[in-house]
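Below: target-v1.txt (compact mmCIF, C-alpha atoms)
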# COMPACT_ATOMS: atom_id res chain seq x y z
CA MET A 20 5.11 -0.56 -21.44
CA GLN A 21 8.12 -0.64 -19.14
CA SER A 22 7.07 -0.44 -15.51
CA HIS A 23 7.73 -1.57 -11.97
CA CYS A 24 5.94 -4.51 -10.43
CA ARG A 25 5.29 -4.04 -6.69
CA TYR A 26 4.49 -5.98 -3.52
CA GLY A 27 1.16 -4.22 -3.14
CA PRO A 28 -1.41 -2.36 -5.25
CA GLY A 29 0.12 1.14 -5.36
CA THR A 30 3.32 3.11 -5.82
CA ALA A 31 3.81 3.31 -2.03
CA TYR A 32 4.75 -0.39 -1.98
CA LEU A 33 8.26 -1.77 -2.44
CA HIS A 34 9.55 -2.64 -5.90
CA ALA A 35 9.31 -6.39 -6.62
CA GLY A 36 10.53 -6.57 -10.20
CA ASP A 37 10.58 -4.94 -13.60
CA LEU A 38 8.33 -5.42 -16.60
CA TYR A 39 9.34 -4.53 -20.14
CA GLU A 40 7.45 -4.03 -23.37
CA GLY A 41 6.63 -7.44 -24.80
CA ASP A 42 6.67 -9.29 -21.46
CA HIS A 43 3.75 -11.61 -20.74
CA ALA A 44 2.06 -12.55 -17.46
CA LEU A 45 -0.90 -14.46 -16.12
CA LEU A 46 -3.54 -12.27 -14.44
CA TRP A 47 -4.42 -13.82 -11.06
CA ASN A 48 -6.32 -11.14 -9.14
CA ARG A 49 -7.09 -7.42 -8.91
CA ASN A 50 -7.59 -4.75 -6.30
CA TYR A 51 -11.14 -3.59 -5.50
CA ASP A 52 -11.50 -1.17 -8.44
CA GLY A 53 -9.32 -2.98 -10.99
CA SER A 54 -6.72 -0.22 -11.11
CA TRP A 55 -3.97 -2.62 -9.95
CA LEU A 56 -3.52 -6.20 -11.14
CA TYR A 57 -1.88 -9.12 -9.33
CA ILE A 58 0.09 -11.00 -11.97
CA GLN A 59 2.57 -13.83 -12.43
CA PRO A 60 5.12 -12.63 -14.99
CA ASP A 61 6.63 -15.27 -17.26
CA ASN A 62 10.13 -13.93 -16.53
CA GLN A 63 10.16 -14.14 -12.70
CA THR A 64 9.25 -16.77 -10.11
CA TRP A 65 7.18 -14.54 -7.78
CA PRO A 66 3.91 -12.72 -8.44
CA CYS A 67 3.56 -8.96 -8.06
CA TRP A 68 1.20 -6.00 -8.57
CA VAL A 69 1.23 -3.78 -11.67
CA SER A 70 -0.81 -0.70 -12.54
CA ALA A 71 -3.58 -1.54 -15.01
CA THR A 72 -2.69 1.64 -16.94
CA VAL A 73 0.63 0.22 -18.19
CA VAL A 74 -0.49 -3.21 -19.47
CA ASP A 75 -2.77 -4.60 -22.15
CA VAL A 76 -5.19 -7.22 -20.82
CA ASP A 77 -6.90 -9.88 -22.90
CA GLY A 78 -10.33 -10.16 -21.26
CA ASP A 79 -12.17 -8.43 -18.45
CA VAL A 80 -10.13 -7.61 -15.30
CA PHE A 81 -13.36 -7.84 -13.28
CA SER A 82 -13.65 -11.53 -14.17
CA VAL A 83 -10.87 -12.23 -11.63
CA VAL A 84 -11.37 -12.02 -7.89
CA TYR A 85 -10.55 -9.09 -5.64
CA LEU A 86 -7.53 -9.89 -3.47
CA TYR A 87 -5.72 -8.53 -0.45
CA ARG A 88 -2.41 -10.34 0.04
CA ARG A 89 -0.15 -10.17 3.05
CA LEU A 90 2.94 -8.11 2.37
CA PRO A 91 6.42 -9.65 2.53
CA TRP A 92 7.10 -9.87 6.25
CA SER A 93 10.28 -8.70 7.94
CA VAL A 94 11.42 -9.26 11.51
CA LEU A 95 14.69 -7.31 11.24
CA TYR A 96 13.11 -4.22 12.82
CA GLY A 97 10.09 -3.59 14.99
CA PRO A 98 6.91 -1.75 14.11
CA PRO A 99 6.60 1.95 14.98
CA GLY A 100 5.68 2.83 18.56
CA ASN A 101 3.86 5.70 20.24
CA VAL A 102 1.36 5.95 17.35
CA ARG A 103 -1.07 8.84 17.76
CA ALA A 104 -3.63 10.65 15.64
CA VAL A 105 -5.48 13.91 16.11
CA ARG A 106 -8.25 15.44 14.04
CA GLN A 107 -8.41 19.10 13.07
CA GLY A 108 -11.59 19.39 11.01
CA ASP A 109 -11.12 17.20 7.93
CA GLN A 110 -7.38 16.79 8.59
CA VAL A 111 -6.09 13.76 10.54
CA ILE A 112 -2.46 14.13 11.64
CA VAL A 113 -0.74 10.84 12.45
CA THR A 114 2.58 10.75 14.35
CA TRP A 115 4.83 8.00 15.73
CA SER A 116 8.29 7.33 17.13
CA ARG A 117 11.23 6.79 14.79
CA VAL A 118 12.43 3.24 14.13
CA ASN A 119 16.22 3.26 13.80
CA MET A 120 17.47 1.22 10.85
CA THR A 121 20.73 0.97 8.95
CA LEU A 122 20.92 3.39 6.03
CA ASP A 123 21.04 0.46 3.59
CA ASP A 124 17.83 -1.13 4.98
CA ASP A 125 15.78 2.01 5.64
CA ARG A 126 12.79 2.45 3.34
CA GLY A 127 10.73 4.63 5.70
CA TYR A 128 7.11 3.94 6.62
CA MET A 129 3.89 3.03 4.89
CA ILE A 130 0.30 3.64 5.91
CA GLU A 131 -2.65 1.73 4.48
CA ALA A 132 -5.79 3.74 5.21
CA ARG A 133 -9.52 3.84 4.50
CA LEU A 134 -10.61 7.46 4.14
CA CYS A 135 -13.80 9.41 3.48
CA ARG A 136 -13.98 11.81 0.57
CA ASN A 137 -17.09 13.21 -1.12
CA GLY A 138 -19.29 10.89 0.94
CA TYR A 139 -17.48 7.69 -0.12
CA LEU A 140 -14.92 5.49 1.62
CA TYR A 141 -11.83 4.57 -0.40
CA ASP A 142 -8.60 2.70 0.31
CA THR A 143 -5.17 4.23 -0.16
CA ALA A 144 -1.53 3.48 0.66
CA VAL A 145 1.06 6.20 1.24
CA HIS A 146 4.80 6.19 1.85
CA THR A 147 6.73 8.66 3.99
CA ASP A 148 10.30 8.94 5.24
CA VAL A 149 9.38 11.08 8.26
CA GLU A 150 7.42 10.25 11.43
CA THR A 151 4.24 12.15 10.57
CA TYR A 152 1.60 12.14 7.85
CA THR A 153 -1.53 14.26 7.35
CA PHE A 154 -4.63 12.82 5.67
CA THR A 155 -7.75 14.55 4.42
CA ASP A 156 -10.64 12.54 5.90
CA GLU A 157 -14.15 13.96 5.80
CA GLN A 158 -16.69 12.94 8.42
CA ASN A 159 -19.78 12.39 6.24
CA CYS A 160 -19.39 8.72 5.25
CA GLU A 161 -21.32 5.71 6.42
CA GLY A 162 -18.69 3.47 7.93
CA ASP A 163 -15.45 4.20 9.72
CA SER A 164 -12.14 5.51 8.52
CA TYR A 165 -9.00 3.78 9.81
CA GLY A 166 -5.34 3.18 9.14
CA ASN A 167 -2.48 0.78 9.76
CA LEU A 168 1.17 1.83 9.99
CA PHE A 169 4.20 -0.27 8.94
CA THR A 170 7.96 0.11 9.16
CA VAL A 171 9.45 -0.61 5.72
CA GLU A 172 12.91 -2.03 5.16
CA LYS A 173 14.38 -3.32 1.92
CA HIS A 174 13.33 -6.93 2.62
CA GLY A 175 9.71 -6.25 3.58
CA TYR A 176 7.28 -4.84 6.13
CA THR A 177 6.88 -5.18 9.89
CA ASP A 178 3.64 -6.16 11.53
CA SER A 179 1.22 -3.28 11.24
CA VAL A 180 0.20 -1.03 14.10
CA PRO A 181 -3.44 0.14 14.09
CA ILE A 182 -3.74 3.91 14.14
CA PRO A 183 -6.14 5.12 16.86
CA TRP A 184 -8.28 6.99 14.34
CA PRO A 185 -10.09 10.01 15.83
CA ASN A 186 -13.82 10.54 15.24

Could you write out this file's structure as structure tokens?
Amino acid sequence: MQSHCRYGPGTAYLHAGDLYEGDHALLWNRNYDGSWLYIQPDNQTWPCWVSATVVDVDGDVFSVVYLYRRLPWSVLYGPPGNVRAVRQGDQVIVTWSRVNMTLDDDRGYMIEARLCRNGYLYDTAVHTDVETYTFTDEQNCEGDSYGNLFTVEKHGYTDSVPIPWPN
């Protein structure tokens, strides 16, 4: 079905191209749970990520390897500064200083995080246009939660800044 193809496995990532009913692509990789697929569409020269819910796949998506790819890199703006995080029970509130961008370039911020919910760690990516974001992160998982913050502009992503995740 018609859908967006993105630079990462989730709707928080920048748009990389469009797919239309009847388009074909080669499946290269997948994210950890197979919910997003890294494909090479026949109608564009660059690969991108598409939600597995909007495509028909011939074969088993778990026959391809799990992949984490570096995002398109941008040096036009710097990464966010003054990154802080505080915990209030199961809520982790992350804040940072604004990165000034031109209105045309500004695509806000993105956080890739590993969080604990119901005793299991899971990965997520979120987008925000403001300098704060609140996560629900329980404290009963084996392993650590963490996050990385990016500035997003229309050409790509800055280097990430590790979030000092509170225990």

Point (-18.7, 10.5, 9.0), cut-off 12 Å, counting all atoms listed in the file, residues as a ChimeraX atom specification
/A:108-109,134-140,156-165,185-186

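Each of A:Gly53, A:Gly127, A:Pro91, A:Pro181 was compared to A:Val113 using all atoms listed in the file, and A:Pro181 turns out to be the nearest.
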
Would you kindly return, as number ranges by chain, each protein, DNA or RNA residue with an atom no farther than 9 Å from any atom of A:Val111, considering all atoms listed in the file and excluding same-chain residues fewer than 6 positions away?
A: 104-105, 152-156, 184-185

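Across the structure, atom CA of A:Asn50 and atom CA of A:Pro28 are spaced 6.7 Å apart.
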
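Checking A:Leu122, A:Val171, A:Trp92, A:Pro99 one by one against A:Val145, counting all atoms listed in the file, you find the shortest gap at A:Val171.
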
Do a neighbour search on A:Met120 at 12 Å with all atoms listed in the file, toss out local chain neighbours closer than 4 positions, and write the hits as a VMD selection string.
chain A and resid 95 to 99 124 to 128 148 170 to 173

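Separating atom CA of A:Ser70 from atom CA of A:Ala44 is a distance of 13.1 Å.
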
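Residue nearest A:Asn119, chosen from A:Val149, A:Ser179, A:Arg106, A:Leu168 and counting all atoms listed in the file: A:Val149.
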
Take stretch 107-129 of chain A from the block and save it with N, CA and C atoms, as an mmCIF file, in the first residue's frame.
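Okay, decode-v6.cif is ready:
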data_model
loop_
_atom_site.group_PDB
_atom_site.id
_atom_site.type_symbol
_atom_site.label_atom_id
_atom_site.label_comp_id
_atom_site.auth_asym_id
_atom_site.auth_seq_id
_atom_site.Cartn_x
_atom_site.Cartn_y
_atom_site.Cartn_z
ATOM 1 N N GLN A 107 11.504 10.578 38.202
ATOM 2 C CA GLN A 107 10.446 10.729 39.193
ATOM 3 C C GLN A 107 9.616 9.457 39.128
ATOM 4 N N GLY A 108 10.011 8.462 39.941
ATOM 5 C CA GLY A 108 9.362 7.152 39.884
ATOM 6 C C GLY A 108 9.689 6.469 38.567
ATOM 7 N N ASP A 109 8.656 6.107 37.806
ATOM 8 C CA ASP A 109 8.860 5.469 36.505
ATOM 9 C C ASP A 109 8.946 6.474 35.363
ATOM 10 N N GLN A 110 8.927 7.758 35.671
ATOM 11 C CA GLN A 110 9.029 8.793 34.638
ATOM 12 C C GLN A 110 10.450 9.335 34.589
ATOM 13 N N VAL A 111 11.029 9.393 33.380
ATOM 14 C CA VAL A 111 12.337 10.016 33.171
ATOM 15 C C VAL A 111 12.101 11.228 32.277
ATOM 16 N N ILE A 112 12.441 12.410 32.811
ATOM 17 C CA ILE A 112 12.239 13.672 32.104
ATOM 18 C C ILE A 112 13.590 14.133 31.575
ATOM 19 N N VAL A 113 13.693 14.234 30.250
ATOM 20 C CA VAL A 113 14.927 14.633 29.587
ATOM 21 C C VAL A 113 14.752 16.065 29.088
ATOM 22 N N THR A 114 15.759 16.910 29.336
ATOM 23 C CA THR A 114 15.739 18.296 28.861
ATOM 24 C C THR A 114 17.079 18.628 28.224
ATOM 25 N N TRP A 115 17.096 19.675 27.392
ATOM 26 C CA TRP A 115 18.328 20.114 26.724
ATOM 27 C C TRP A 115 18.151 21.537 26.249
ATOM 28 N N SER A 116 19.238 22.145 25.796
ATOM 29 C CA SER A 116 19.215 23.508 25.270
ATOM 30 C C SER A 116 18.803 23.503 23.800
ATOM 31 N N ARG A 117 18.092 24.537 23.410
ATOM 32 C CA ARG A 117 17.614 24.674 22.031
ATOM 33 C C ARG A 117 18.784 24.822 21.058
ATOM 34 N N VAL A 118 18.661 24.204 19.900
ATOM 35 C CA VAL A 118 19.600 24.409 18.792
ATOM 36 C C VAL A 118 18.879 25.295 17.778
ATOM 37 N N ASN A 119 19.420 26.480 17.535
ATOM 38 C CA ASN A 119 18.793 27.415 16.602
ATOM 39 C C ASN A 119 19.101 27.008 15.170
ATOM 40 N N MET A 120 18.029 26.845 14.382
ATOM 41 C CA MET A 120 18.145 26.479 12.981
ATOM 42 C C MET A 120 17.246 27.390 12.162
ATOM 43 N N THR A 121 17.488 27.467 10.861
ATOM 44 C CA THR A 121 16.574 28.200 10.004
ATOM 45 C C THR A 121 15.243 27.460 9.985
ATOM 46 N N LEU A 122 14.168 28.174 9.759
ATOM 47 C CA LEU A 122 12.836 27.582 9.745
ATOM 48 C C LEU A 122 12.746 26.487 8.677
ATOM 49 N N ASP A 123 13.396 26.693 7.543
ATOM 50 C CA ASP A 123 13.358 25.719 6.456
ATOM 51 C C ASP A 123 14.070 24.413 6.825
ATOM 52 N N ASP A 124 15.159 24.496 7.596
ATOM 53 C CA ASP A 124 15.935 23.301 7.965
ATOM 54 C C ASP A 124 15.385 22.572 9.183
ATOM 55 N N ASP A 125 14.742 23.278 10.084
ATOM 56 C CA ASP A 125 14.378 22.749 11.399
ATOM 57 C C ASP A 125 13.401 21.585 11.317
ATOM 58 N N ARG A 126 13.849 20.431 11.838
ATOM 59 C CA ARG A 126 12.993 19.249 11.950
ATOM 60 C C ARG A 126 12.957 18.742 13.391
ATOM 61 N N GLY A 127 13.379 19.590 14.337
ATOM 62 C CA GLY A 127 13.265 19.260 15.752
ATOM 63 C C GLY A 127 14.376 18.361 16.257
ATOM 64 N N TYR A 128 13.991 17.392 17.092
ATOM 65 C CA TYR A 128 14.941 16.512 17.777
ATOM 66 C C TYR A 128 14.421 15.076 17.725
ATOM 67 N N MET A 129 15.331 14.149 17.852
ATOM 68 C CA MET A 129 14.957 12.748 17.928
ATOM 69 C C MET A 129 15.748 12.095 19.050
#
